[in-house]
$ cat query_34.pdb   # PDB, C-alpha atoms, pLDDT in the B column
ATOM      1  CA  MET A   1       4.337 -20.314 -11.936  1.00 53.00           C
ATOM      2  CA  PHE A   2       0.589 -20.438 -11.273  1.00 50.00           C
ATOM      3  CA  LEU A   3       1.179 -19.625  -7.610  1.00 51.00           C
ATOM      4  CA  LYS A   4       3.373 -16.692  -8.611  1.00 52.00           C
ATOM      5  CA  ASN A   5       0.688 -15.314 -10.963  1.00 50.00           C
ATOM      6  CA  SER A   6      -2.070 -15.733  -8.407  1.00 50.00           C
ATOM      7  CA  LEU A   7      -0.005 -14.027  -5.740  1.00 45.00           C
ATOM      8  CA  CYS A   8       0.690 -11.243  -8.234  1.00 47.00           C
ATOM      9  CA  LEU A   9      -3.063 -10.813  -8.696  1.00 50.00           C
ATOM     10  CA  ILE A  10      -3.534 -10.644  -4.940  1.00 50.00           C
ATOM     11  CA  VAL A  11      -0.759  -8.050  -4.624  1.00 47.00           C
ATOM     12  CA  CYS A  12      -2.382  -6.084  -7.447  1.00 51.00           C
ATOM     13  CA  GLY A  13      -5.628  -6.186  -5.506  1.00 54.00           C
ATOM     14  CA  ILE A  14      -3.891  -4.949  -2.396  1.00 49.00           C
ATOM     15  CA  CYS A  15      -2.426  -2.077  -4.424  1.00 50.00           C
ATOM     16  CA  ILE A  16      -5.878  -1.216  -5.699  1.00 50.00           C
ATOM     17  CA  LEU A  17      -7.120  -1.464  -2.127  1.00 50.00           C
ATOM     18  CA  GLY A  18      -4.472   1.080  -1.243  1.00 48.00           C
ATOM     19  CA  LEU A  19      -5.904   3.304  -3.953  1.00 46.00           C
ATOM     20  CA  SER A  20      -9.357   3.064  -2.431  1.00 42.00           C
ATOM     21  CA  ASN A  21     -11.179   5.269  -0.025  1.00 39.00           C
ATOM     22  CA  CYS A  22     -14.661   5.423   1.437  1.00 41.00           C
ATOM     23  CA  GLY A  23     -17.894   7.123   0.523  1.00 48.00           C
ATOM     24  CA  ASP A  24     -18.063  10.039  -1.857  1.00 57.00           C
ATOM     25  CA  SER A  25     -14.417  10.842  -1.359  1.00 73.00           C
ATOM     26  CA  LYS A  26     -11.835  11.593  -3.981  1.00 68.00           C
ATOM     27  CA  TYR A  27     -11.157   7.839  -4.303  1.00 69.00           C
ATOM     28  CA  ALA A  28     -14.735   6.534  -4.468  1.00 81.00           C
ATOM     29  CA  ASP A  29     -14.170   5.172  -7.973  1.00 84.00           C
ATOM     30  CA  ALA A  30     -11.115   3.261  -6.779  1.00 79.00           C
ATOM     31  CA  LYS A  31     -13.179   1.715  -3.994  1.00 83.00           C
ATOM     32  CA  ARG A  32     -15.802   0.644  -6.521  1.00 89.00           C
ATOM     33  CA  VAL A  33     -13.174  -1.104  -8.659  1.00 88.00           C
ATOM     34  CA  THR A  34     -11.622  -2.733  -5.594  1.00 83.00           C
ATOM     35  CA  ILE A  35     -14.985  -4.156  -4.605  1.00 92.00           C
ATOM     36  CA  LYS A  36     -15.465  -5.535  -8.124  1.00 95.00           C
ATOM     37  CA  TYR A  37     -12.001  -7.080  -7.949  1.00 91.00           C
ATOM     38  CA  LEU A  38     -12.773  -8.709  -4.604  1.00 93.00           C
ATOM     39  CA  GLU A  39     -16.059 -10.063  -5.922  1.00 96.00           C
ATOM     40  CA  VAL A  40     -14.323 -11.683  -8.912  1.00 96.00           C
ATOM     41  CA  MET A  41     -11.662 -13.210  -6.654  1.00 95.00           C
ATOM     42  CA  GLU A  42     -14.236 -14.475  -4.138  1.00 96.00           C
ATOM     43  CA  LYS A  43     -16.359 -15.982  -6.886  1.00 97.00           C
ATOM     44  CA  TYR A  44     -13.293 -17.777  -8.240  1.00 97.00           C
ATOM     45  CA  ALA A  45     -12.241 -19.106  -4.837  1.00 96.00           C
ATOM     46  CA  THR A  46     -15.757 -20.407  -4.214  1.00 97.00           C
ATOM     47  CA  ALA A  47     -15.913 -22.057  -7.640  1.00 97.00           C
ATOM     48  CA  VAL A  48     -12.615 -23.852  -7.027  1.00 96.00           C
ATOM     49  CA  GLU A  49     -13.641 -24.874  -3.514  1.00 95.00           C
ATOM     50  CA  GLU A  50     -16.892 -26.344  -4.820  1.00 96.00           C
ATOM     51  CA  SER A  51     -15.354 -28.087  -7.834  1.00 95.00           C
ATOM     52  CA  ASN A  52     -15.186 -31.853  -7.590  1.00 93.00           C
ATOM     53  CA  THR A  53     -13.718 -32.688 -10.989  1.00 95.00           C
ATOM     54  CA  PRO A  54     -10.797 -31.471 -13.081  1.00 96.00           C
ATOM     55  CA  ASP A  55     -13.269 -30.253 -15.733  1.00 96.00           C
ATOM     56  CA  ALA A  56     -15.066 -28.105 -13.154  1.00 97.00           C
ATOM     57  CA  LEU A  57     -11.732 -26.717 -11.951  1.00 97.00           C
ATOM     58  CA  ALA A  58     -10.703 -25.836 -15.505  1.00 97.00           C
ATOM     59  CA  GLU A  59     -14.041 -24.123 -16.064  1.00 97.00           C
ATOM     60  CA  ALA A  60     -13.595 -22.102 -12.854  1.00 97.00           C
ATOM     61  CA  VAL A  61     -10.146 -20.935 -13.999  1.00 96.00           C
ATOM     62  CA  ASP A  62     -11.464 -20.044 -17.460  1.00 97.00           C
ATOM     63  CA  ARG A  63     -14.287 -17.923 -16.006  1.00 97.00           C
ATOM     64  CA  PHE A  64     -11.866 -16.217 -13.647  1.00 96.00           C
ATOM     65  CA  VAL A  65      -9.442 -15.348 -16.436  1.00 96.00           C
ATOM     66  CA  ASP A  66     -12.260 -13.918 -18.555  1.00 96.00           C
ATOM     67  CA  GLU A  67     -13.615 -11.821 -15.681  1.00 97.00           C
ATOM     68  CA  MET A  68     -10.175 -10.520 -14.709  1.00 95.00           C
ATOM     69  CA  ALA A  69      -9.420  -9.625 -18.328  1.00 94.00           C
ATOM     70  CA  ALA A  70     -12.659  -7.643 -18.451  1.00 95.00           C
ATOM     71  CA  LEU A  71     -11.828  -5.844 -15.192  1.00 96.00           C
ATOM     72  CA  ARG A  72      -8.200  -5.121 -16.057  1.00 94.00           C
ATOM     73  CA  PRO A  73      -8.865  -1.852 -17.985  1.00 96.00           C
ATOM     74  CA  GLU A  74     -10.685  -0.387 -14.976  1.00 95.00           C
ATOM     75  CA  MET A  75      -7.881  -1.486 -12.660  1.00 90.00           C
ATOM     76  CA  GLU A  76      -5.255   0.079 -14.911  1.00 92.00           C
ATOM     77  CA  ALA A  77      -7.253   3.303 -15.214  1.00 94.00           C
ATOM     78  CA  ILE A  78      -7.400   3.604 -11.426  1.00 85.00           C
ATOM     79  CA  GLU A  79      -3.662   2.992 -11.136  1.00 85.00           C
ATOM     80  CA  LYS A  80      -3.021   5.754 -13.702  1.00 92.00           C
ATOM     81  CA  LYS A  81      -5.509   8.167 -12.166  1.00 85.00           C
ATOM     82  CA  TYR A  82      -4.038   7.858  -8.668  1.00 72.00           C
ATOM     83  CA  PRO A  83      -0.303   7.151  -9.081  1.00 73.00           C
ATOM     84  CA  GLU A  84       0.399   8.848  -5.766  1.00 59.00           C
ATOM     85  CA  LEU A  85      -1.263   5.983  -3.911  1.00 56.00           C
ATOM     86  CA  THR A  86       0.296   2.958  -5.600  1.00 64.00           C
ATOM     87  CA  ASP A  87       3.003   2.585  -2.951  1.00 55.00           C
ATOM     88  CA  MET A  88       0.590   2.411  -0.021  1.00 57.00           C
ATOM     89  CA  THR A  89       1.130  -0.762   1.970  1.00 69.00           C
ATOM     90  CA  ILE A  90      -1.328  -0.011   4.761  1.00 70.00           C
ATOM     91  CA  PRO A  91      -4.778   1.145   3.698  1.00 68.00           C
ATOM     92  CA  PRO A  92      -6.529   3.959   5.550  1.00 59.00           C
ATOM     93  CA  SER A  93      -8.401   2.895   8.695  1.00 59.00           C
ATOM     94  CA  GLU A  94     -11.750   3.547   7.029  1.00 54.00           C
ATOM     95  CA  LEU A  95     -10.938   0.668   4.624  1.00 60.00           C
ATOM     96  CA  GLU A  96     -10.393  -1.873   7.361  1.00 64.00           C
ATOM     97  CA  ASP A  97     -13.380  -3.936   6.213  1.00 74.00           C
ATOM     98  CA  LEU A  98     -11.941  -4.298   2.695  1.00 73.00           C
ATOM     99  CA  ALA A  99      -8.498  -5.062   4.108  1.00 73.00           C
ATOM    100  CA  GLN A 100      -9.965  -7.862   6.242  1.00 80.00           C
ATOM    101  CA  ARG A 101     -11.874  -9.162   3.250  1.00 87.00           C
ATOM    102  CA  MET A 102      -8.648  -9.152   1.202  1.00 84.00           C
ATOM    103  CA  ASP A 103      -6.784 -10.981   3.949  1.00 86.00           C
ATOM    104  CA  ALA A 104      -9.423 -13.714   4.205  1.00 86.00           C
ATOM    105  CA  LEU A 105      -9.465 -13.990   0.444  1.00 92.00           C
ATOM    106  CA  SER A 106      -5.707 -14.452   0.193  1.00 92.00           C
ATOM    107  CA  GLN A 107      -5.963 -17.486   2.479  1.00 92.00           C
ATOM    108  CA  ARG A 108      -8.723 -18.942   0.298  1.00 94.00           C
ATOM    109  CA  MET A 109      -6.663 -18.312  -2.843  1.00 94.00           C
ATOM    110  CA  VAL A 110      -3.743 -20.312  -1.440  1.00 95.00           C
ATOM    111  CA  ALA A 111      -6.125 -23.204  -0.725  1.00 94.00           C
ATOM    112  CA  ALA A 112      -7.571 -22.900  -4.242  1.00 94.00           C
ATOM    113  CA  GLN A 113      -4.087 -22.998  -5.763  1.00 92.00           C
ATOM    114  CA  THR A 114      -3.275 -26.111  -3.769  1.00 94.00           C
ATOM    115  CA  LYS A 115      -6.420 -27.809  -5.043  1.00 94.00           C
ATOM    116  CA  LEU A 116      -5.591 -26.871  -8.620  1.00 93.00           C
ATOM    117  CA  MET A 117      -2.065 -28.234  -8.279  1.00 93.00           C
ATOM    118  CA  GLN A 118      -3.508 -31.592  -7.208  1.00 94.00           C
ATOM    119  CA  HIS A 119      -5.059 -31.815 -10.696  1.00 95.00           C
ATOM    120  CA  SER A 120      -2.265 -30.141 -12.637  1.00 92.00           C
ATOM    121  CA  THR A 121      -1.626 -33.251 -14.768  1.00 95.00           C
ATOM    122  CA  ASN A 122      -5.118 -33.091 -16.247  1.00 96.00           C
ATOM    123  CA  PRO A 123      -4.959 -31.632 -19.791  1.00 97.00           C
ATOM    124  CA  ASP A 124      -7.977 -29.349 -19.269  1.00 95.00           C
ATOM    125  CA  VAL A 125      -6.553 -27.993 -16.026  1.00 95.00           C
ATOM    126  CA  GLN A 126      -3.152 -27.523 -17.685  1.00 94.00           C
ATOM    127  CA  ARG A 127      -4.768 -25.567 -20.532  1.00 95.00           C
ATOM    128  CA  ALA A 128      -6.706 -23.373 -18.092  1.00 94.00           C
ATOM    129  CA  LEU A 129      -3.616 -22.733 -15.976  1.00 92.00           C
ATOM    130  CA  GLN A 130      -1.690 -21.769 -19.105  1.00 93.00           C
ATOM    131  CA  LYS A 131      -4.475 -19.322 -19.957  1.00 92.00           C
ATOM    132  CA  LEU A 132      -4.181 -17.891 -16.451  1.00 90.00           C
ATOM    133  CA  GLN A 133      -0.422 -17.485 -16.787  1.00 90.00           C
ATOM    134  CA  ASN A 134      -0.921 -15.557 -20.028  1.00 87.00           C
ATOM    135  CA  ILE A 135      -3.420 -13.063 -18.610  1.00 80.00           C
ATOM    136  CA  LYS A 136      -2.216  -9.512 -19.105  1.00 64.00           C
TER     137      LYS A 136
END

$ encode --input "query_34.pdb" --output "structure tokens"
Amino acid sequence: MFLKNSLCLIVCGICILGLSNCGDSKYADAKRVTIKYLEVMEKYATAVEESNTPDALAEAVDRFVDEMAALRPEMEAIEKKYPELTDMTIPPSELEDLAQRMDALSQRMVAAQTKLMQHSTNPDVQRALQKLQNIK
């Protein structure tokens, strides 16, 4: 279930990436939100990678959930503002740098999920993963 939710977050990020565009274009606000999203995801992946105890892993998940919950209204506003772009599967060429960043991040997220699953019997990790599953 955790893997499914994390992959859903990545897909959501890719959709937002599809909503993005460069510079002072019509979609500059979408690009700004996408960059924020990537920063939150990268920070989370790094925190999990650097965690050496179940308590540190649980803390990383908790911070991630809180940051994603705070970002969610902006993400939803972008999706509503630009509904015509939500089905984009290939971002414009001018967003190649963000697409590469997203791709590298998805690989790190899979590794982070694997690390979390190794500690999934720890009560603190279980609680944090439950909190992640309930994020809306």

$ residues_around --input "query_34.pdb" --residues "region 56-71 of chain A" --least-positions-apart "6" --cutoff "9 Å" --atoms "all atoms listed in the file" --output "PyMOL selection string"
chain A and resi 33+36-37+40-41+43-45+47-50+115-116+119+124-129+131-132+135-136

$ write_last_selection --input "query_34.pdb" --atoms "C-alpha atoms" --output "PDB file, in the frame of the given file"
ATOM      1  CA  VAL A  33     -13.174  -1.104  -8.659  1.00 88.00           C
ATOM      2  CA  LYS A  36     -15.465  -5.535  -8.124  1.00 95.00           C
ATOM      3  CA  TYR A  37     -12.001  -7.080  -7.949  1.00 91.00           C
ATOM      4  CA  VAL A  40     -14.323 -11.683  -8.912  1.00 96.00           C
ATOM      5  CA  MET A  41     -11.662 -13.210  -6.654  1.00 95.00           C
ATOM      6  CA  LYS A  43     -16.359 -15.982  -6.886  1.00 97.00           C
ATOM      7  CA  TYR A  44     -13.293 -17.777  -8.240  1.00 97.00           C
ATOM      8  CA  ALA A  45     -12.241 -19.106  -4.837  1.00 96.00           C
ATOM      9  CA  ALA A  47     -15.913 -22.057  -7.640  1.00 97.00           C
ATOM     10  CA  VAL A  48     -12.615 -23.852  -7.027  1.00 96.00           C
ATOM     11  CA  GLU A  49     -13.641 -24.874  -3.514  1.00 95.00           C
ATOM     12  CA  GLU A  50     -16.892 -26.344  -4.820  1.00 96.00           C
ATOM     13  CA  LYS A 115      -6.420 -27.809  -5.043  1.00 94.00           C
ATOM     14  CA  LEU A 116      -5.591 -26.871  -8.620  1.00 93.00           C
ATOM     15  CA  HIS A 119      -5.059 -31.815 -10.696  1.00 95.00           C
ATOM     16  CA  ASP A 124      -7.977 -29.349 -19.269  1.00 95.00           C
ATOM     17  CA  VAL A 125      -6.553 -27.993 -16.026  1.00 95.00           C
ATOM     18  CA  GLN A 126      -3.152 -27.523 -17.685  1.00 94.00           C
ATOM     19  CA  ARG A 127      -4.768 -25.567 -20.532  1.00 95.00           C
ATOM     20  CA  ALA A 128      -6.706 -23.373 -18.092  1.00 94.00           C
ATOM     21  CA  LEU A 129      -3.616 -22.733 -15.976  1.00 92.00           C
ATOM     22  CA  LYS A 131      -4.475 -19.322 -19.957  1.00 92.00           C
ATOM     23  CA  LEU A 132      -4.181 -17.891 -16.451  1.00 90.00           C
ATOM     24  CA  ILE A 135      -3.420 -13.063 -18.610  1.00 80.00           C
ATOM     25  CA  LYS A 136      -2.216  -9.512 -19.105  1.00 64.00           C
TER      26      LYS A 136
END

$ atom_distance --input "query_34.pdb" --atom1 "CA of Ala99 (chain A)" --atom2 "CA of Gln133 (chain A)"
25.6 Å

$ resolve_selection --input "query_34.pdb" --expression "the PyMOL selection byres ((chain A and resi 102-107) around 8)" --output "list in words"
Ile10, Gly13, Ile14, Leu38, Met41, Glu42, Ala45, Leu98, Ala99, Gln100, Arg101, Arg108, Met109, Val110 and Ala111 of chain A

$ closest_residue --input "query_34.pdb" --among "A:Pro123, A:Ile78, A:Thr46, A:Asp55" --to "Arg32 (chain A)" --atoms "only C-alpha atoms"
A:Ile78

$ atom_distance --input "query_34.pdb" --atom1 "CA of Met75 (chain A)" --atom2 "CA of Ala30 (chain A)"
8.2 Å

$ closest_residue --input "query_34.pdb" --among "A:Arg72, A:Ile90, A:Gln118, A:Ala77" --to "Asn52 (chain A)" --atoms "only C-alpha atoms"
A:Gln118

$ closest_residue --input "query_34.pdb" --among "A:Asn122, A:Pro73, A:Gln113, A:Asp97" --to "Thr53 (chain A)" --atoms "all atoms listed in the file"
A:Asn122

$ atom_distance --input "query_34.pdb" --atom1 "CA of Glu76 (chain A)" --atom2 "CA of Ala112 (chain A)"
25.4 Å
